[in-house]
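Okay, structure first, notes after.
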Amino acid sequence: MAKASFRLQKFLRRTQFLLFFLTAAYLMAGSLLLLQRTRLVIQQGSRGTPANQALPVPDEMTRVGIIDPRTLQGPRPGARLLVGMDALQEPALDQRHSPHWLVSRNAELRQLRRRWFHRSTGEQEPLQTAGLKAMKHTTEHKGTYMGCFTHDSRERTLKGAVFYDLRKMTVAHCQEACAERAYSYAGLAYGAECYCGNTLPAAAAKPEECNSECKGERGSVCGGVNRLSVYGVGELRAGAGRRRNVIYRGCFRAPENLTDTFPASLIQPNLTVEMCSEFCSKKEFPLAVIRGQECHCGYPTGRFPLRDGADGLRCSGARNASGAAEGRHCLVYQTPVQDTRCTDRKFLTTKSKVFVALSSFPGAGNTWARHLIEHATGYYTGSYYFDGALYNKGFKGEKDHWRSRRTICVKTHESGKTDIEMFDSAILLIRNPYKSLMAEFNRKYAGHLGYATDRNWKSKEWPDFVNSYASWWASHVLEWLKYGKHLLIVHYEELKQSLIPKLKEMVEFLNVTVTEDRLLCVENNRDGNFKRSGAKQKNFEPFTQEMKDLINRYILTVDEALRGRNFSGLPREYVPR
């Protein structure tokens, strides 16, 4: 009896200990969940901060007039409030030309600004289009389904235009894109990739092997693994305005032997631009070259680089093919066909020994520079952040870990000492702060391709934005000049004006050898998928005189710092008049 009682007591003690342990674990889990939810609510609350709410600024930053917007997270002890333009501070005269006034940032502030940027890049789409996300694409397939075919990414059967949408790809989207580019066939693979061409693939596959669902349309098939779902788009092409996709490139001196320079030719009486463009599009060439009754198709090459245009008067009737001079000059048009000599990209096969940053202030053209670098080198670029909108459009390095060293360089907007010193070298991209501020403001309120509304520009958000971001533009350059180990300075405006020479410098800096034809292909595809269409004109000046005074002081500071490091100063258009 005593033995049974002892066993019962022992069992109860063990049960009591077990219940105590389970209770403690339950309470700990509940506490962690509560803390996580509280943090999420705080972050969501910070996103919804009204435009007229004052933003705190750390005292040590305001004393010298440098305010990093990545530190503007929430109330902090000892911070004073930033109210309107009254807080536009001037750097002290004895400190204005000395970069040491940026050293005071501590690790906590850098962590806060990193969280701010991750949160801002997570907002991938403008508010105006947020309501469209849940809409299902209901457009019927208008083209004729040709069947399932084999697909080799290295030796593509549809060799025309190619683009990705890893989130919203539909059959209709691919069909329309190929039709607008004057192709006859549209092929889809992996549920998210679209290929265009004028020649039907030769090797057919079993219908059931095309089994990947379209990323943007449930129930529709978009190819499969190494398989293409191919559609004819002749019906769509008939309704597409092909003429509007033909771009006049100019009047150029003709090469000595047109037949040797261009792979395809046509002689046609009463030749028109439409006839020549249609002929070259069917042959899948991006250039249509007209000289009298001759039509030639091809690519920009070393023999015909399209760099030095001639006086338009040398091509009589430059907009009319029948009036082109039958002599030393020719008319050149860009067809809707994409130049695909430089569209193949991949990850590095071995880890890079040199860790290279592509650093810039937001709005300075980093995405465009990545497009140029990827197409010039044939390798993906990485990113310190993850921007789903960029990944969905084909920047596959976005999802790769930024320290994997499988990409040719890594995008970053960070500028802390630790963030800079982890890189072995860097391409530092600098853009006119006036243009950068406007570009980033547009991106913040309307996405990568949109424009902020007049209401946004005239609100209190704009002066607060300029007040904080202008200082960030200056501090970003100055800190990279101070802590960067091996720098290549690239000015956005010079890259835009002299693309091939500047891109050569960047490629050589990355220790990659490329051909002249590949660089010419990049020039032919220079805009990429993230260029805002045109410049939306505003009927008012967004920068007040007070804003200009502030920005101009930062321009002078950065210009002097560049010259002090034996770099060329800022382009003349930056410097205030």
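Each chain in the structure tokens gets a letter, A, B and so on, in the order shown; residues start at 1 in every chain, and ligands are counted from 1 in the order they appear.
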
Could you give me, as a ChimeraX atom specification, the residues within 9 Å of Leu200 (chain A), counting only C-alpha atoms and dropping anything in the same chain fewer than 6 positions from it?
/A:146,157-158,184-185,230

Got a sec: who's within 7 Å of Leu519 (chain A), counting only C-alpha atoms, leaving out chain neighbours fewer than 3 positions off, as a PDB file with N, CA and C atoms, in the first residue's frame?
ATOM      1  N   ALA A 376      24.763  44.216 -71.170  1.00  0.00           N
ATOM      2  CA  ALA A 376      26.127  44.337 -71.686  1.00  0.00           C
ATOM      3  C   ALA A 376      26.987  43.140 -71.284  1.00  0.00           C
ATOM      4  N   ILE A 500      27.752  54.379 -74.999  1.00  0.00           N
ATOM      5  CA  ILE A 500      28.746  53.336 -75.290  1.00  0.00           C
ATOM      6  C   ILE A 500      30.073  53.588 -74.560  1.00  0.00           C
ATOM      7  N   THR A 515      31.758  42.236 -76.615  1.00  0.00           N
ATOM      8  CA  THR A 515      31.991  42.589 -78.007  1.00  0.00           C
ATOM      9  C   THR A 515      31.351  43.929 -78.338  1.00  0.00           C
ATOM     10  N   GLU A 516      31.833  44.529 -79.404  1.00  0.00           N
ATOM     11  CA  GLU A 516      31.273  45.796 -79.865  1.00  0.00           C
ATOM     12  C   GLU A 516      29.811  45.629 -80.266  1.00  0.00           C
ATOM     13  N   VAL A 522      22.914  46.778 -76.773  1.00  0.00           N
ATOM     14  CA  VAL A 522      22.450  47.456 -75.562  1.00  0.00           C
ATOM     15  C   VAL A 522      21.967  48.858 -75.901  1.00  0.00           C
ATOM     16  N   GLU A 523      22.721  49.546 -76.742  1.00  0.00           N
ATOM     17  CA  GLU A 523      22.319  50.888 -77.142  1.00  0.00           C
ATOM     18  C   GLU A 523      20.982  50.863 -77.877  1.00  0.00           C
TER      19      GLU A 523
END

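Relative to CA of Leu358 (chain A), CA of Gly450 (chain A) is found at 24.0 Å.
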
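Of the residues listed (A:Val289, A:Cys148, A:Cys521, A:Val233), A:Val233 shows the shortest atom-to-atom separation from Ala172 (chain A); distances use only C-alpha atoms.
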
Show me, as number ranges by chain, the residues that have an atom within 8 Å of region 421-434 of chain A when counting only C-alpha atoms, minus same-chain residues fewer than 5 positions from it.
A: 354-361, 364-366, 470, 473, 477, 480, 483-493, 506, 551, 555, 573-574

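Restricting the calculation to only C-alpha atoms, the smallest distance between Trp462 (chain A) and any of A:Thr350, A:Thr544, A:Thr301, A:Ser415 is found for A:Thr544.
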
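Every protein, DNA or RNA residue with an atom at most 8 Å from Ala161 (chain A), where only C-alpha atoms count and chain neighbours fewer than 4 positions away do not, is listed here: Cys178, Arg181, Tyr195, Cys196, Gly197, Val337, Gln338, Asp339 and Thr340 of chain A.
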
I want to know what sits within 12 Å of Tyr183 (chain A), based on only C-alpha atoms, with residues of the same chain fewer than 3 positions away left out; could you give that as a PDB file with C-alpha atoms, in the first residue's frame?
ATOM      1  CA  LEU A 158      11.140  31.976 -81.056  1.00  0.00           C
ATOM      2  CA  LYS A 159      14.090  34.350 -81.321  1.00  0.00           C
ATOM      3  CA  GLY A 160      12.224  37.633 -81.298  1.00  0.00           C
ATOM      4  CA  ALA A 161      11.269  39.737 -78.293  1.00  0.00           C
ATOM      5  CA  VAL A 162      11.261  38.178 -74.857  1.00  0.00           C
ATOM      6  CA  CYS A 174       1.782  37.830 -74.302  1.00  0.00           C
ATOM      7  CA  GLN A 175      -0.269  37.771 -77.499  1.00  0.00           C
ATOM      8  CA  GLU A 176      -0.854  41.512 -77.448  1.00  0.00           C
ATOM      9  CA  ALA A 177       2.803  42.266 -76.734  1.00  0.00           C
ATOM     10  CA  CYS A 178       3.969  40.136 -79.669  1.00  0.00           C
ATOM     11  CA  ALA A 179       1.319  41.619 -81.965  1.00  0.00           C
ATOM     12  CA  GLU A 180       2.404  45.167 -81.100  1.00  0.00           C
ATOM     13  CA  ALA A 186       3.589  34.222 -79.266  1.00  0.00           C
ATOM     14  CA  GLY A 187       4.958  31.469 -77.063  1.00  0.00           C
ATOM     15  CA  TYR A 195       8.642  34.801 -76.420  1.00  0.00           C
ATOM     16  CA  CYS A 196       7.850  36.227 -79.851  1.00  0.00           C
ATOM     17  CA  GLY A 197       8.886  35.239 -83.351  1.00  0.00           C
ATOM     18  CA  ASN A 198       7.892  34.775 -86.948  1.00  0.00           C
ATOM     19  CA  THR A 199       8.926  31.131 -87.357  1.00  0.00           C
ATOM     20  CA  LEU A 200       7.007  28.269 -85.804  1.00  0.00           C
ATOM     21  CA  TYR A 231      -0.297  30.965 -80.423  1.00  0.00           C
ATOM     22  CA  GLY A 232      -0.659  32.632 -83.794  1.00  0.00           C
ATOM     23  CA  VAL A 233      -1.356  36.364 -83.454  1.00  0.00           C
ATOM     24  CA  GLY A 234      -2.173  37.246 -87.050  1.00  0.00           C
ATOM     25  CA  GLU A 235      -5.668  38.401 -86.116  1.00  0.00           C
ATOM     26  CA  LEU A 236      -4.312  40.732 -83.452  1.00  0.00           C
ATOM     27  CA  ARG A 237      -1.608  42.072 -85.783  1.00  0.00           C
ATOM     28  CA  ALA A 238      -4.261  43.105 -88.288  1.00  0.00           C
ATOM     29  CA  ALA A 240      -2.493  46.683 -84.271  1.00  0.00           C
ATOM     30  CA  ARG A 242       2.219  48.792 -86.778  1.00  0.00           C
ATOM     31  CA  GLU A 278       7.000  45.197 -92.640  1.00  0.00           C
ATOM     32  CA  PHE A 279       9.586  43.314 -94.698  1.00  0.00           C
ATOM     33  CA  CYS A 280      12.308  43.719 -92.036  1.00  0.00           C
ATOM     34  CA  SER A 281       9.901  42.826 -89.217  1.00  0.00           C
ATOM     35  CA  LYS A 282       9.039  39.541 -90.903  1.00  0.00           C
ATOM     36  CA  LYS A 283      12.761  38.841 -91.214  1.00  0.00           C
ATOM     37  CA  GLU A 284      13.088  39.641 -87.463  1.00  0.00           C
ATOM     38  CA  PHE A 285      15.523  42.537 -87.813  1.00  0.00           C
ATOM     39  CA  PRO A 286      15.345  45.694 -85.663  1.00  0.00           C
ATOM     40  CA  THR A 335      11.162  48.380 -86.421  1.00  0.00           C
ATOM     41  CA  PRO A 336       9.000  46.920 -83.616  1.00  0.00           C
ATOM     42  CA  VAL A 337      11.345  43.906 -83.518  1.00  0.00           C
ATOM     43  CA  GLN A 338      13.605  43.661 -80.478  1.00  0.00           C
TER      44      GLN A 338
END
